[in-house]
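Student: Structure below; questions to follow.
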Amino acid sequence: MTERHKKKLDYGLKEKLIHRLKYVPIRRSLKELFLFTWLLPFVLVSVSFLYLIYHYMFSLEMKNASTSLSHTQEYFDKSLSSVKAFSDRIYVNKKLHDVLQKNYSNNQDVFFDYTSLSFFDDYLRSCDEVSSFRVYTENYTLLDNSFIIKVRSEIQESGWYKAAVSLKGQNSWFYVSDSLTKKNYLCAVRSLWSQNMETLLGVLVVNVSNQQMNSILDNQNHDTVISFGSNVIYSTIQDLSPEENRYLFSRPSNGRLYVTKWRGKDYNGVFSSQFSPGFPNAPEFHVAFLVPLNQLVGITLSGVAVSVALLIFIAFLSVYVVSVYSSYAAERVSKIKDGISNVVEDKFEIEPSIGGNDEYEQIYKALYKMSGNIKSLIDQVYLQNIEKERMKARQNEINFKMLSTQINPHFLFNTLETIRMKSAASGNANKDVSVMLKLLASLLRYNLSVSGRPVCFFDELNSVQNYLNIQHFRFGNRIAYDVIPLCDIRRISILPLLIQPLVENSFSHGLEDTAEGGFIYIVAQTKKTGDEELLYITIKDNGKGIPSEKLEQLNKNLEKLSEPENETMSNAVYNTSVRGNSIGMQNVNSRIKLFYGQQYGLSVKSKEGEGTEVTIVVPVIYTDNIMPKV
């Protein structure tokens with residue numbers, strides 16, 4: 001079949017479906033669509049899901065039982081390791097060896113040496129896994145107590161005693177009856193020898209605590225059996241016979257054991273085995289779990305039943321919802337939905353109509369009208385915002401140009417008067433005039449060349465230095481000054497014309513009337529504050545100072561001053577500085593907050609009659625693009 005025929009067939013089928021949907025009641029058409037496109041696939045998926053969940057939950061329960069078995073086995077192995085370590089401590093004890101080798105002539109000497117072995121009680125208390133221990137000795141000059149026992153012939157002839165002697169001090173495991181308590185214990189057994197390994201001193205038997213081992217089994221949720229060879233040493237199953245024990249462990253290790261009709265119940269047991277260090281051909285330890293099948297299947301079937309109930313509820317709910325909703329026209333709702341989606345996505349160019357004259361058409365017309373209104377409003381607001389930002393930017397640029405081109409007329413007139421006086425005097429005055437003209441030209445050139453963009457901090461301080469040099473010609477030795485940079489001023493950029501206005505204030509309002517001993521210090525340094533590095537510029541003088549009430553009001557004004565919200569406020573700040581005959585602190589503070597942010601700006605400390613200290617705080621901006629001009 002050609003591609004053309006396939007497209008034609010697909011197109012014909014689509015047309016038939018659409019035609020049927022047009023002339024069949026929507027309730028019936030939606031029910032048919034629901035049946036073939038959702039209900040049948042839902043049933044198939046649900047059956048597959050239930051099959052998978054049954055096997056998954058069954059496997060999960062088996063895995064949990066296997067994991068619990070591994071933990072029990074590990075704990076049992078750890079306990080055996082503790083018992084073996086206890087045996088090692090007794091085995092290497094020199095005092096015990098000395099006592100076992102010594103031939104005594106009277107009981108008093110025996111009792112005296114036994115007191116040196118009293119630490120054995122502390123040994124027992126330090127190891128919960130050990131119930132007791134015995135040392136069977138062939139030294140008949142000793143006396144029997146709870147630790148040392150003279151060996152009898154029946155013990156000497158026992159298999160475990162002979163095996164321990166033949167292993168020459170190697171540790172081995174046995175399940176034997178204690179000679180004092182007559183109870184059966186799992187024991188760590190080893191022989192004790194003289195230093196040259198020629199003389200047998202005795203046989204050490206360390207009894208594993210049955211109470212401690214049974215506590216392992218008490219924490220399990222399943223029947224558990226621990227076997228050593230053909231002997232059941234620990235078990236939660238009462239009266240387990242040797243035949244039952246052999247049947248439990250007759251399958252290969254680390255496998256799955258199915259025990260049917262075990263004492264009237266069906267069991268699914270998972271078992272494992274472990275060989276413990278001992279003499280060659282020693283029996284193995286086995287740890288087994290017996291999990292009733294009805295317990296495993298019951299948990300699994302409960303999960304399946306809940307899943308079936310949930311799926312049936314979902315199916316009936318879906319049928320009900322489809323039946324209720326079948327009276328609505330899916331196509332028209334879809335068109336309305338598409339129109340709303342376009343408006344939400346800022347696509348306001350939607351179709352003007354979906355046809356007809358029903359409620360859906362009326363809703364769509366209202367949507368179309370709303371989209372047009374929103375588009376018009378957005379366009380209008382957008383254009384207004386753009387124009388507003390442009391006007392604000394132009395106004396800020398104009399304000400800064402006006403600020404940057406201001407020169408204090410008082411300072412300019414005084415400088416020119418000083419130059420005139422120098423030129424009128426004799427001697428080396430002409431040289432001073434030349435220097436002052438050069439400094440004034442450099443200062444004017446810098447002030448007229450800067451814009452609202454940051455400049456190199458070196459150039460800014462150089463301009464301030466020129467200003468201070470000019471003032472030095474005016475005031476002579478009446479006023480001293482110093483500029484102290486404590487940071488890399490060639491790598492830092494800063495907004496221009498921040499320092500000079502504050503230095504002008506120090507001269508005009510603080511030091512101009514000083515007869516002698518005046519000074520101005522400018523210190524620049526950087527400090528780390530958390531994750532931010534800040535630049536601190538301090539201008540300090542010893543002039544007249546500021547009265548406390550005026551200082552308080554000044555600091556309040558500096559704290560409240562923020563970016564002007566309109567042109568009127570900006571002009572007000574500018575005009576205030578002009579009337580004050582300097583750019584002034586408020587203009588400097590306003591420029592800092594406009595450029596760097598509201599958290600930065602000026603702070604003023606002053607005491608009347610002692611001087612004023614103004615500190616500029618701005619963030620450090622390192623740049624290699626702005627290089628010093630000098």
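Here, A, B, ... name the chains of the structure tokens in the order displayed, residue numbers run from 1 inside each chain, and ligands are numbered from 1 in the same displayed order.
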Run DSSP on the backbone and give me the residues of segment 30-181 of chain A it puts in helix (DSSP H, G or I), as number ranges by chain.
Tutor: A: 30-91, 94-101, 107-115, 119-126, 153-156, 159-166
Student: Name all residues at most 7 Å from Lys150 of chain A (count only C-alpha atoms; drop same-chain ones fewer than 4 positions away) and give them as a compact mmCIF listing (two decimals) with all heavy atoms, in the first residue's frame.
Tutor:
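Writing done, so here's part-v7.txt:
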# COMPACT_ATOMS: atom_id res chain seq x y z
N TYR A 136 39.60 -27.86 83.37
CA TYR A 136 39.76 -29.24 83.83
C TYR A 136 41.24 -29.56 83.81
O TYR A 136 41.89 -29.51 82.77
CB TYR A 136 38.98 -30.20 82.92
CG TYR A 136 37.49 -29.99 82.98
CD1 TYR A 136 36.86 -29.17 82.05
CD2 TYR A 136 36.73 -30.58 83.97
CE1 TYR A 136 35.49 -28.96 82.09
CE2 TYR A 136 35.35 -30.37 84.02
CZ TYR A 136 34.74 -29.56 83.07
OH TYR A 136 33.40 -29.36 83.13
N THR A 137 41.79 -29.89 85.01
CA THR A 137 43.23 -30.10 85.14
C THR A 137 43.53 -31.49 85.70
O THR A 137 42.72 -32.08 86.44
CB THR A 137 43.84 -29.03 86.07
OG1 THR A 137 45.24 -29.30 86.21
CG2 THR A 137 43.19 -29.03 87.44
N GLU A 138 44.70 -31.98 85.35
CA GLU A 138 45.18 -33.27 85.86
C GLU A 138 46.16 -33.08 87.02
O GLU A 138 46.81 -34.03 87.46
CB GLU A 138 45.84 -34.07 84.73
CG GLU A 138 44.86 -34.42 83.62
CD GLU A 138 45.50 -35.20 82.48
OE1 GLU A 138 46.68 -35.58 82.62
OE2 GLU A 138 44.82 -35.42 81.48
N ASN A 139 46.28 -31.85 87.50
CA ASN A 139 47.10 -31.55 88.69
C ASN A 139 46.23 -31.81 89.92
O ASN A 139 45.42 -30.96 90.32
CB ASN A 139 47.58 -30.10 88.64
CG ASN A 139 48.50 -29.76 89.80
OD1 ASN A 139 48.69 -30.55 90.73
ND2 ASN A 139 49.09 -28.56 89.76
N TYR A 140 46.40 -32.98 90.57
CA TYR A 140 45.50 -33.39 91.66
C TYR A 140 45.90 -32.78 93.00
O TYR A 140 45.28 -33.06 94.03
CB TYR A 140 45.46 -34.91 91.75
CG TYR A 140 44.78 -35.53 90.56
CD1 TYR A 140 45.53 -35.98 89.47
CD2 TYR A 140 43.39 -35.60 90.49
CE1 TYR A 140 44.90 -36.53 88.36
CE2 TYR A 140 42.79 -36.14 89.38
CZ TYR A 140 43.54 -36.61 88.32
OH TYR A 140 42.90 -37.13 87.22
N ASP A 144 39.09 -28.26 93.96
CA ASP A 144 37.99 -27.88 93.06
C ASP A 144 37.33 -26.59 93.53
O ASP A 144 37.11 -26.38 94.73
CB ASP A 144 36.96 -29.00 93.00
CG ASP A 144 37.47 -30.22 92.26
OD1 ASP A 144 38.50 -30.10 91.55
OD2 ASP A 144 36.85 -31.28 92.38
Student: Counting only C-alpha atoms, what is within 9 Å of Val614 of chain A, bar same-chain residues fewer than 5 positions away, as a PyMOL selection string?
Tutor: chain A and resi 502+537-540+602-606
